[in-house]
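Student: Below is one structure. I have some questions about it.
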Amino acid sequence: MPCFANSCFGASSSAGSERVRMIQQEARLLQDDYTLGHSADEHERLRRQGQILAPATRRVFQAIGLGPGWRCLDIGCGPGEIMRLMGEMAGPSGEVTGLDRDTKAGREAIERLQATGTSRYRFIEADMEGIDEIAGSPFDLTFARLALLYARDPVALLRKMYSWTKPGGYLAVQDYYVRTVNLYPKLDAHSELVRVVLETHERLGHDMEFAFKLPVYFVEAGIGAPDGTDVNLPITPLEPFITMYQTLCRSLLPKAIELGVTTDARMQSVFRDAEQAVIAGRQHAALWPLMIGFWKRKPT
Ligand SMILES: C[S@@+](CC[C@H](N)C(=O)[O-])C[C@H]1O[C@@H](n2cnc3c(N)ncnc32)[C@H](O)[C@@H]1O
C-alpha cells in the first residue's frame, strides 16, 4: 500500500521498509540508479521546491531576455516546474521541450502544461548523457537546473548542451552549493537529516560544492567563461525547510540504507522528531543551499 509523505510520520518501521521496497522496485522498473528515485512523493517534493526556486530561475530567464517566440529546452525537467516558467515567458508563439529519463513525470507535466494553453509543450524521454541529437535543435535557450549535479561527466554534458544551442542563443545552468545549509537554533533531527543527505550524495560521487565550480567546467567544455552569474540563498522558517529535507531523505533512503549511512528504524525516529519540532512551532531561521546560476551567449 502506498505511503505518502504526511501519512508516513510516525509510521511503523515495517511500513517504512515497505516504502523502501516500493522505491527500489520503481527504480528497477525505470532501469536507472538515479539517487533520488522517481516516486510520486519525490515528484511532489520537486514541485514544492520548484515554487521556492521559481523567483531565482525567473530572474535568470529575465537576465538573458527570454521572451515571446523563444524555443527552449529544459534538461532533467522532472515534473515540469521550469517548463511552466519557460512557457509563460515564451508564450503561444514559443515552444518548450522537456527532457528526462523519468517518463511518468514528463508525461504528466505535458498533460498539465498543455491544459494551461500558455505555450506549446513537448517531452523527450532520454538519458541526458546518452543522447547526442535532439529533434528540434538548435534552441534559443538550453537550460538545466539541479541536473548536472547528477551527471557522471558534467563537462561532456555541457558540451552537448552548447551544441544544442543556436548561434545567438543561450546556455544557462543553475545548481546547488550545499555547504551553506544551516539552522538556528539547531535541532538534532535536522542535523541528522542533513548528514544523511550529504553523506549519501557524496558516497555516490555527487559533489556537494558543485555549483561554484561551473565556470571552470564551462571553460573545460570549450564554451568559455560565463557572461553572467546569479546567486540565490533563501532563508525561511523551519517549515518548509525541514519537510523538504524529510522528503529528500525518504527519496534517497533505499540508497542510504544500502550504503550503510543510516537504518530505516533510525530514520523513522528522526522523521518523528522532525514532525514534533514542526508541531512545537518554535521560531527557527533556516539557511538553504546556495543556488548559483551561470549563462553564456553563443556567438553568432
Ligand atoms: C533534482 S531533479 C531536478 C528537476 C528539475 N530540473 C528541477 O529543478 O525541479 C533531477 C532530474 O534529473 C533527472 N535525471 C537525472 N539523471 C538523468 C539522466 N541521466 N538523464 C535524464 N534525466 C536525468 C531526474 O529524473 C530528475 O527529474
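Identifiers in the C-alpha cells: chain A, B, ... in order shown; residue index from 1 per chain; ligand index from 1 in order shown.
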Within 9 Å of ligand 1, which residues show up when you count only C-alpha atoms and all ligand atoms? List them as a PyMOL selection string, please.

Tutor: chain A and resi 32-38+42-43+45-51+53+74-82+99-103+105-106+125-131+143-152+174-175

Student: With N, CA and C atoms kept, could you save the residues just selected as a compact mmCIF listing (two decimals), in the first residue's frame?

Tutor:
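This went into result.txt:
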# COMPACT_ATOMS: atom_id res chain seq x y z
N ASP A 32 17.24 2.58 -13.86
CA ASP A 32 18.32 3.52 -13.64
C ASP A 32 18.64 3.56 -12.16
N ASP A 33 19.73 4.22 -11.83
CA ASP A 33 20.14 4.25 -10.43
C ASP A 33 20.17 5.69 -9.93
N TYR A 34 19.25 6.51 -10.47
CA TYR A 34 19.17 7.91 -10.06
C TYR A 34 18.99 8.01 -8.54
N THR A 35 19.84 8.80 -7.90
CA THR A 35 19.94 8.87 -6.45
C THR A 35 18.60 9.10 -5.74
N LEU A 36 17.75 9.96 -6.30
CA LEU A 36 16.52 10.34 -5.59
C LEU A 36 15.30 9.53 -6.01
N GLY A 37 15.46 8.63 -6.99
CA GLY A 37 14.35 7.78 -7.41
C GLY A 37 13.26 8.57 -8.11
N HIS A 38 12.13 7.90 -8.36
CA HIS A 38 11.07 8.51 -9.18
C HIS A 38 9.70 8.31 -8.55
N GLU A 42 8.54 12.10 -4.45
CA GLU A 42 9.69 12.85 -4.96
C GLU A 42 9.21 13.89 -6.00
N HIS A 43 8.26 13.49 -6.84
CA HIS A 43 7.72 14.46 -7.82
C HIS A 43 7.06 15.63 -7.09
N ARG A 45 7.78 16.66 -4.07
CA ARG A 45 8.86 17.44 -3.44
C ARG A 45 9.46 18.41 -4.47
N LEU A 46 9.68 17.91 -5.69
CA LEU A 46 10.26 18.76 -6.73
C LEU A 46 9.33 19.92 -7.10
N ARG A 47 8.01 19.63 -7.11
CA ARG A 47 7.07 20.71 -7.41
C ARG A 47 7.12 21.78 -6.31
N ARG A 48 7.16 21.34 -5.03
CA ARG A 48 7.21 22.31 -3.91
C ARG A 48 8.52 23.09 -3.94
N GLN A 49 9.62 22.37 -4.17
CA GLN A 49 10.92 23.04 -4.24
C GLN A 49 10.94 24.02 -5.41
N GLY A 50 10.30 23.60 -6.52
CA GLY A 50 10.23 24.44 -7.72
C GLY A 50 9.56 25.77 -7.42
N GLN A 51 8.55 25.76 -6.54
CA GLN A 51 7.88 27.03 -6.21
C GLN A 51 8.83 27.95 -5.43
N LEU A 53 12.11 27.92 -5.67
CA LEU A 53 13.21 28.33 -6.54
C LEU A 53 12.75 29.17 -7.74
N ASP A 74 14.64 22.19 -21.64
CA ASP A 74 14.96 22.01 -20.22
C ASP A 74 15.44 20.58 -20.00
N ILE A 75 16.71 20.45 -19.62
CA ILE A 75 17.33 19.12 -19.42
C ILE A 75 17.08 18.67 -17.97
N GLY A 76 16.59 17.43 -17.80
CA GLY A 76 16.27 16.94 -16.45
C GLY A 76 15.06 17.67 -15.92
N CYS A 77 13.99 17.72 -16.75
CA CYS A 77 12.84 18.60 -16.47
C CYS A 77 12.00 18.12 -15.30
N GLY A 78 12.09 16.83 -14.91
CA GLY A 78 11.28 16.32 -13.81
C GLY A 78 9.81 16.60 -14.04
N PRO A 79 9.08 17.04 -12.99
CA PRO A 79 7.64 17.26 -13.14
C PRO A 79 7.26 18.59 -13.79
N GLY A 80 8.23 19.33 -14.36
CA GLY A 80 7.89 20.40 -15.30
C GLY A 80 7.71 21.80 -14.75
N GLU A 81 8.19 22.08 -13.54
CA GLU A 81 8.00 23.43 -12.99
C GLU A 81 8.78 24.49 -13.77
N ILE A 82 9.95 24.10 -14.28
CA ILE A 82 10.75 25.06 -15.06
C ILE A 82 10.11 25.27 -16.44
N LEU A 99 13.27 17.34 -21.28
CA LEU A 99 13.94 16.04 -21.48
C LEU A 99 14.22 15.42 -20.11
N ASP A 100 13.86 14.18 -19.95
CA ASP A 100 14.14 13.48 -18.69
C ASP A 100 14.05 11.98 -18.96
N ARG A 101 14.67 11.22 -18.06
CA ARG A 101 14.58 9.76 -18.13
C ARG A 101 13.28 9.29 -17.48
N ASP A 102 12.69 10.18 -16.69
CA ASP A 102 11.50 9.84 -15.92
C ASP A 102 10.26 10.11 -16.77
N THR A 103 9.80 9.08 -17.48
CA THR A 103 8.69 9.25 -18.43
C THR A 103 7.41 9.67 -17.73
N ALA A 105 6.91 11.39 -14.92
CA ALA A 105 6.93 12.81 -14.54
C ALA A 105 6.76 13.68 -15.78
N GLY A 106 7.47 13.32 -16.86
CA GLY A 106 7.44 14.13 -18.08
C GLY A 106 6.06 14.14 -18.73
N GLU A 125 11.74 11.53 -23.82
CA GLU A 125 12.25 10.59 -22.81
C GLU A 125 13.64 10.16 -23.27
N ALA A 126 14.66 10.49 -22.49
CA ALA A 126 16.03 10.15 -22.88
C ALA A 126 16.97 10.27 -21.70
N ASP A 127 18.10 9.58 -21.81
CA ASP A 127 19.20 9.74 -20.86
C ASP A 127 19.99 10.96 -21.34
N MET A 128 20.07 11.99 -20.51
CA MET A 128 20.71 13.24 -20.93
C MET A 128 22.18 13.03 -21.31
N GLU A 129 22.80 11.99 -20.74
CA GLU A 129 24.21 11.76 -21.04
C GLU A 129 24.39 10.81 -22.22
N GLY A 130 23.30 10.11 -22.61
CA GLY A 130 23.42 9.14 -23.70
C GLY A 130 23.00 9.72 -25.03
N ILE A 131 22.12 10.73 -25.02
CA ILE A 131 21.55 11.27 -26.26
C ILE A 131 22.54 12.26 -26.92
N PHE A 143 18.77 24.77 -21.09
CA PHE A 143 18.83 25.06 -19.64
C PHE A 143 18.82 23.75 -18.84
N ALA A 144 19.47 23.77 -17.67
CA ALA A 144 19.39 22.64 -16.74
C ALA A 144 19.48 23.17 -15.32
N ARG A 145 18.53 22.75 -14.45
CA ARG A 145 18.60 23.12 -13.03
C ARG A 145 18.64 21.83 -12.21
N LEU A 146 19.64 21.74 -11.34
CA LEU A 146 19.79 20.58 -10.44
C LEU A 146 19.82 19.27 -11.21
N ALA A 147 20.41 19.29 -12.39
CA ALA A 147 20.52 18.06 -13.19
C ALA A 147 21.99 17.72 -13.43
N LEU A 148 22.82 18.75 -13.69
CA LEU A 148 24.24 18.47 -13.95
C LEU A 148 24.93 17.86 -12.73
N LEU A 149 24.44 18.23 -11.55
CA LEU A 149 24.98 17.68 -10.30
C LEU A 149 24.94 16.15 -10.32
N TYR A 150 23.95 15.60 -11.04
CA TYR A 150 23.78 14.14 -11.07
C TYR A 150 24.44 13.50 -12.30
N ALA A 151 25.08 14.32 -13.15
CA ALA A 151 25.73 13.77 -14.34
C ALA A 151 27.06 13.12 -13.97
N ARG A 152 27.37 12.01 -14.62
CA ARG A 152 28.68 11.37 -14.39
C ARG A 152 29.79 12.26 -14.94
N GLN A 174 21.59 26.23 -13.53
CA GLN A 174 21.51 26.57 -12.09
C GLN A 174 21.73 25.30 -11.29
N ASP A 175 22.56 25.40 -10.27
CA ASP A 175 22.79 24.22 -9.44
C ASP A 175 23.09 24.64 -8.01

Student: If DSSP is run on the backbone, what residues of segment 67-283 of chain A are alpha helix (DSSP H)? A reply as a ChimeraX atom specification would be ideal.

Tutor: /A:81-90,103-116,154-163,188-203,214-220,238-258,264-280

Student: Taking the DSSP assignment computed from this structure's backbone, write out as a PyMOL selection string all residues of segment 104-177 of chain A that belong to strand (DSSP E or B).

Tutor: chain A and resi 120-125+139-145+165-177

Student: Between A:Val197, A:Leu85, A:Arg297, A:Gly222, which is the closest to Pro55 of chain A once you count only C-alpha atoms?

Tutor: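 Smallest separation from Pro55 of chain A among the options: A:Leu85.
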
Student: Show which residues sit within 8 Å of segment 169-172 of chain A, as a list of chain:residue names. Count only C-alpha atoms, and ignore same-chain residues fewer than 2 positions away.

Tutor: A:Ile64, A:Phe139, A:Asp140, A:Leu141, A:Thr142, A:Phe143, A:Ala144, A:Met161, A:Tyr162, A:Thr165, A:Lys166, A:Pro167, A:Gln174, A:Gly293, A:Phe294, A:Trp295, A:Lys296, A:Arg297, A:Lys298, A:Pro299

Student: Mind pulling up the distance from atom CA of Ala286 of chain A to atom CA of Tyr184 of chain A?

Tutor: 6.6 Å

Student: Residues at most 10 Å from Leu290 of chain A, counting only C-alpha atoms, excluding those fewer than 6 positions away in the same chain, as a PDB file with all heavy atoms, in the first residue's frame?

Tutor:
ATOM      1  N   ASP A 175      22.557  25.405 -10.267  1.00  0.00           N
ATOM      2  CA  ASP A 175      22.790  24.221  -9.440  1.00  0.00           C
ATOM      3  C   ASP A 175      23.090  24.636  -8.010  1.00  0.00           C
ATOM      4  O   ASP A 175      23.213  25.823  -7.711  1.00  0.00           O
ATOM      5  CB  ASP A 175      23.905  23.349 -10.038  1.00  0.00           C
ATOM      6  CG  ASP A 175      23.426  21.910 -10.154  1.00  0.00           C
ATOM      7  OD1 ASP A 175      23.041  21.339  -9.110  1.00  0.00           O
ATOM      8  OD2 ASP A 175      23.426  21.368 -11.267  1.00  0.00           O
ATOM      9  N   TYR A 176      23.199  23.627  -7.130  1.00  0.00           N
ATOM     10  CA  TYR A 176      23.352  23.883  -5.703  1.00  0.00           C
ATOM     11  C   TYR A 176      24.809  23.817  -5.241  1.00  0.00           C
ATOM     12  O   TYR A 176      25.577  22.944  -5.659  1.00  0.00           O
ATOM     13  CB  TYR A 176      22.603  22.812  -4.907  1.00  0.00           C
ATOM     14  CG  TYR A 176      21.160  23.124  -4.554  1.00  0.00           C
ATOM     15  CD1 TYR A 176      20.289  22.081  -4.226  1.00  0.00           C
ATOM     16  CD2 TYR A 176      20.669  24.421  -4.513  1.00  0.00           C
ATOM     17  CE1 TYR A 176      18.968  22.342  -3.872  1.00  0.00           C
ATOM     18  CE2 TYR A 176      19.350  24.680  -4.163  1.00  0.00           C
ATOM     19  CZ  TYR A 176      18.503  23.643  -3.845  1.00  0.00           C
ATOM     20  OH  TYR A 176      17.210  23.885  -3.486  1.00  0.00           O
ATOM     21  N   TYR A 177      25.150  24.743  -4.317  1.00  0.00           N
ATOM     22  CA  TYR A 177      26.322  24.628  -3.463  1.00  0.00           C
ATOM     23  C   TYR A 177      25.726  24.370  -2.082  1.00  0.00           C
ATOM     24  O   TYR A 177      25.075  25.245  -1.499  1.00  0.00           O
ATOM     25  CB  TYR A 177      27.134  25.935  -3.494  1.00  0.00           C
ATOM     26  CG  TYR A 177      28.294  25.953  -2.535  1.00  0.00           C
ATOM     27  CD1 TYR A 177      29.555  25.514  -2.932  1.00  0.00           C
ATOM     28  CD2 TYR A 177      28.134  26.415  -1.228  1.00  0.00           C
ATOM     29  CE1 TYR A 177      30.623  25.536  -2.042  1.00  0.00           C
ATOM     30  CE2 TYR A 177      29.197  26.431  -0.344  1.00  0.00           C
ATOM     31  CZ  TYR A 177      30.430  25.990  -0.752  1.00  0.00           C
ATOM     32  OH  TYR A 177      31.480  26.003   0.117  1.00  0.00           O
ATOM     33  N   VAL A 178      25.892  23.149  -1.552  1.00  0.00           N
ATOM     34  CA  VAL A 178      25.065  22.707  -0.427  1.00  0.00           C
ATOM     35  C   VAL A 178      25.636  23.072   0.949  1.00  0.00           C
ATOM     36  O   VAL A 178      24.943  23.034   1.953  1.00  0.00           O
ATOM     37  CB  VAL A 178      24.801  21.180  -0.552  1.00  0.00           C
ATOM     38  CG1 VAL A 178      23.870  20.677   0.539  1.00  0.00           C
ATOM     39  CG2 VAL A 178      24.179  20.865  -1.907  1.00  0.00           C
ATOM     40  N   ARG A 179      26.903  23.499   0.983  1.00  0.00           N
ATOM     41  CA  ARG A 179      27.566  23.713   2.287  1.00  0.00           C
ATOM     42  C   ARG A 179      26.973  24.855   3.105  1.00  0.00           C
ATOM     43  O   ARG A 179      27.282  24.999   4.275  1.00  0.00           O
ATOM     44  CB  ARG A 179      29.053  23.975   2.102  1.00  0.00           C
ATOM     45  CG  ARG A 179      29.779  22.885   1.384  1.00  0.00           C
ATOM     46  CD  ARG A 179      30.417  21.879   2.345  1.00  0.00           C
ATOM     47  NE  ARG A 179      31.044  20.820   1.571  1.00  0.00           N
ATOM     48  CZ  ARG A 179      30.731  19.533   1.676  1.00  0.00           C
ATOM     49  NH1 ARG A 179      29.836  19.110   2.558  1.00  0.00           N
ATOM     50  NH2 ARG A 179      31.321  18.636   0.922  1.00  0.00           N
ATOM     51  N   THR A 180      26.129  25.694   2.499  1.00  0.00           N
ATOM     52  CA  THR A 180      25.564  26.817   3.253  1.00  0.00           C
ATOM     53  C   THR A 180      24.456  26.378   4.220  1.00  0.00           C
ATOM     54  O   THR A 180      24.076  27.152   5.101  1.00  0.00           O
ATOM     55  CB  THR A 180      24.938  27.855   2.298  1.00  0.00           C
ATOM     56  OG1 THR A 180      24.061  27.168   1.411  1.00  0.00           O
ATOM     57  CG2 THR A 180      25.987  28.594   1.502  1.00  0.00           C
ATOM     58  N   VAL A 181      23.942  25.162   4.066  1.00  0.00           N
ATOM     59  CA  VAL A 181      22.774  24.731   4.852  1.00  0.00           C
ATOM     60  C   VAL A 181      23.038  24.857   6.355  1.00  0.00           C
ATOM     61  O   VAL A 181      24.059  24.382   6.865  1.00  0.00           O
ATOM     62  CB  VAL A 181      22.398  23.274   4.507  1.00  0.00           C
ATOM     63  CG1 VAL A 181      21.364  22.729   5.492  1.00  0.00           C
ATOM     64  CG2 VAL A 181      21.856  23.210   3.095  1.00  0.00           C
ATOM     65  N   GLU A 209      29.683  20.633  -3.541  1.00  0.00           N
ATOM     66  CA  GLU A 209      30.131  22.016  -3.780  1.00  0.00           C
ATOM     67  C   GLU A 209      30.096  22.322  -5.270  1.00  0.00           C
ATOM     68  O   GLU A 209      30.698  23.283  -5.741  1.00  0.00           O
ATOM     69  CB  GLU A 209      31.555  22.189  -3.222  1.00  0.00           C
ATOM     70  CG  GLU A 209      31.607  21.984  -1.720  1.00  0.00           C
ATOM     71  CD  GLU A 209      32.996  22.183  -1.141  1.00  0.00           C
ATOM     72  OE1 GLU A 209      33.953  22.329  -1.915  1.00  0.00           O
ATOM     73  OE2 GLU A 209      33.111  22.168   0.098  1.00  0.00           O
ATOM     74  N   ALA A 211      28.197  23.634  -7.673  1.00  0.00           N
ATOM     75  CA  ALA A 211      27.760  24.797  -8.447  1.00  0.00           C
ATOM     76  C   ALA A 211      28.846  25.853  -8.656  1.00  0.00           C
ATOM     77  O   ALA A 211      28.978  26.415  -9.741  1.00  0.00           O
ATOM     78  CB  ALA A 211      26.545  25.422  -7.792  1.00  0.00           C
ATOM     79  N   PHE A 212      29.647  26.132  -7.623  1.00  0.00           N
ATOM     80  CA  PHE A 212      30.586  27.254  -7.781  1.00  0.00           C
ATOM     81  C   PHE A 212      31.746  26.892  -8.712  1.00  0.00           C
ATOM     82  O   PHE A 212      32.500  27.760  -9.160  1.00  0.00           O
ATOM     83  CB  PHE A 212      31.069  27.769  -6.417  1.00  0.00           C
ATOM     84  CG  PHE A 212      32.363  27.185  -5.915  1.00  0.00           C
ATOM     85  CD1 PHE A 212      33.554  27.908  -6.009  1.00  0.00           C
ATOM     86  CD2 PHE A 212      32.389  25.928  -5.350  1.00  0.00           C
ATOM     87  CE1 PHE A 212      34.740  27.382  -5.548  1.00  0.00           C
ATOM     88  CE2 PHE A 212      33.584  25.386  -4.878  1.00  0.00           C
ATOM     89  CZ  PHE A 212      34.764  26.106  -4.982  1.00  0.00           C
ATOM     90  N   VAL A 231      23.058  34.545  -7.891  1.00  0.00           N
ATOM     91  CA  VAL A 231      23.083  33.714  -6.676  1.00  0.00           C
ATOM     92  C   VAL A 231      21.810  33.935  -5.865  1.00  0.00           C
ATOM     93  O   VAL A 231      21.254  35.024  -5.837  1.00  0.00           O
ATOM     94  CB  VAL A 231      24.320  33.989  -5.777  1.00  0.00           C
ATOM     95  CG1 VAL A 231      25.579  33.483  -6.412  1.00  0.00           C
ATOM     96  CG2 VAL A 231      24.424  35.448  -5.428  1.00  0.00           C
ATOM     97  N   ASN A 232      21.356  32.878  -5.239  1.00  0.00           N
ATOM     98  CA  ASN A 232      20.098  32.917  -4.506  1.00  0.00           C
ATOM     99  C   ASN A 232      20.233  32.075  -3.242  1.00  0.00           C
ATOM    100  O   ASN A 232      20.571  30.895  -3.322  1.00  0.00           O
ATOM    101  CB  ASN A 232      18.990  32.335  -5.392  1.00  0.00           C
ATOM    102  CG  ASN A 232      17.625  32.469  -4.767  1.00  0.00           C
ATOM    103  OD1 ASN A 232      17.172  33.578  -4.498  1.00  0.00           O
ATOM    104  ND2 ASN A 232      16.974  31.360  -4.506  1.00  0.00           N
ATOM    105  N   LEU A 233      19.982  32.687  -2.084  1.00  0.00           N
ATOM    106  CA  LEU A 233      20.146  31.970  -0.816  1.00  0.00           C
ATOM    107  C   LEU A 233      18.918  32.211   0.060  1.00  0.00           C
ATOM    108  O   LEU A 233      18.883  33.145   0.861  1.00  0.00           O
ATOM    109  CB  LEU A 233      21.425  32.453  -0.116  1.00  0.00           C
ATOM    110  CG  LEU A 233      21.833  31.753   1.170  1.00  0.00           C
ATOM    111  CD1 LEU A 233      21.925  30.251   1.002  1.00  0.00           C
ATOM    112  CD2 LEU A 233      23.173  32.289   1.653  1.00  0.00           C
ATOM    113  N   PRO A 234      17.881  31.354  -0.075  1.00  0.00           N
ATOM    114  CA  PRO A 234      16.675  31.578   0.735  1.00  0.00           C
ATOM    115  C   PRO A 234      16.923  31.379   2.225  1.00  0.00           C
ATOM    116  O   PRO A 234      17.720  30.529   2.617  1.00  0.00           O
ATOM    117  CB  PRO A 234      15.695  30.506   0.225  1.00  0.00           C
ATOM    118  CG  PRO A 234      16.243  30.001  -1.063  1.00  0.00           C
ATOM    119  CD  PRO A 234      17.729  30.200  -0.985  1.00  0.00           C
TER     120      PRO A 234
END

Student: Write out as an mmCIF file with all heavy atoms, in the first residue's frame the residues lying within 10 Å of Lys186 of chain A, counting only C-alpha atoms and excluding same-chain residues fewer than 4 positions away.

Tutor:
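Saved as selection10.cif:
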data_model
loop_
_atom_site.group_PDB
_atom_site.id
_atom_site.type_symbol
_atom_site.label_atom_id
_atom_site.label_comp_id
_atom_site.auth_asym_id
_atom_site.auth_seq_id
_atom_site.Cartn_x
_atom_site.Cartn_y
_atom_site.Cartn_z
ATOM 1 N N ASN A 182 22.101 25.529 7.052
ATOM 2 C CA ASN A 182 22.272 25.752 8.491
ATOM 3 C C ASN A 182 20.910 26.033 9.127
ATOM 4 O O ASN A 182 19.962 26.406 8.418
ATOM 5 C CB ASN A 182 23.220 26.936 8.732
ATOM 6 C CG ASN A 182 24.041 26.752 9.999
ATOM 7 O OD1 ASN A 182 23.635 26.031 10.917
ATOM 8 N ND2 ASN A 182 25.185 27.404 10.070
ATOM 9 N N HIS A 190 17.174 17.734 12.497
ATOM 10 C CA HIS A 190 17.568 18.373 11.246
ATOM 11 C C HIS A 190 19.024 18.066 10.899
ATOM 12 O O HIS A 190 19.354 17.766 9.746
ATOM 13 C CB HIS A 190 17.346 19.891 11.303
ATOM 14 C CG HIS A 190 17.886 20.559 10.089
ATOM 15 N ND1 HIS A 190 19.085 21.219 10.068
ATOM 16 C CD2 HIS A 190 17.420 20.565 8.831
ATOM 17 C CE1 HIS A 190 19.314 21.634 8.843
ATOM 18 N NE2 HIS A 190 18.332 21.253 8.077
ATOM 19 N N SER A 191 19.911 18.121 11.923
ATOM 20 C CA SER A 191 21.334 17.837 11.666
ATOM 21 C C SER A 191 21.488 16.429 11.095
ATOM 22 O O SER A 191 22.295 16.189 10.202
ATOM 23 C CB SER A 191 22.156 17.947 12.949
ATOM 24 O OG SER A 191 21.963 19.213 13.510
ATOM 25 N N HIS A 284 12.557 29.336 14.116
ATOM 26 C CA HIS A 284 13.908 28.986 13.672
ATOM 27 C C HIS A 284 14.228 29.817 12.429
ATOM 28 O O HIS A 284 13.321 30.267 11.730
ATOM 29 C CB HIS A 284 13.992 27.508 13.267
ATOM 30 C CG HIS A 284 13.907 26.543 14.403
ATOM 31 N ND1 HIS A 284 15.012 26.016 15.035
ATOM 32 C CD2 HIS A 284 12.840 26.000 15.033
ATOM 33 C CE1 HIS A 284 14.639 25.194 15.993
ATOM 34 N NE2 HIS A 284 13.312 25.155 16.018
ATOM 35 N N ALA A 285 15.515 29.974 12.160
ATOM 36 C CA ALA A 285 15.947 30.574 10.895
ATOM 37 C C ALA A 285 16.701 29.503 10.116
ATOM 38 O O ALA A 285 17.687 28.947 10.618
ATOM 39 C CB ALA A 285 16.849 31.770 11.160
ATOM 40 N N ALA A 286 16.208 29.183 8.920
ATOM 41 C CA ALA A 286 16.788 28.095 8.121
ATOM 42 C C ALA A 286 17.474 28.661 6.886
ATOM 43 O O ALA A 286 16.861 29.390 6.101
ATOM 44 C CB ALA A 286 15.702 27.117 7.707
#

Student: With distances taken over only C-alpha atoms, which of A:Ala115, A:Ala274, A:Leu214, A:Ile279 is nearest to Gly228 of chain A?

Tutor: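 Checking each of A:Ala115, A:Ala274, A:Leu214, A:Ile279 against Gly228 of chain A, counting only C-alpha atoms, the winner is A:Leu214.
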
Student: Which is closer to Thr200 of chain A than all the others in A:Arg250, A:Val155, A:Gly91, A:Thr116, using only C-alpha atoms?

Tutor: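 Result for the nearest residue to Thr200 of chain A: A:Arg250.
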
Student: Select, from A:Asp41, A:Asp264, A:Glu220, A:Asp153, the residue with the minimum atom-to-atom distance to Gly205 of chain A, counting only C-alpha atoms.

Tutor: A:Asp153
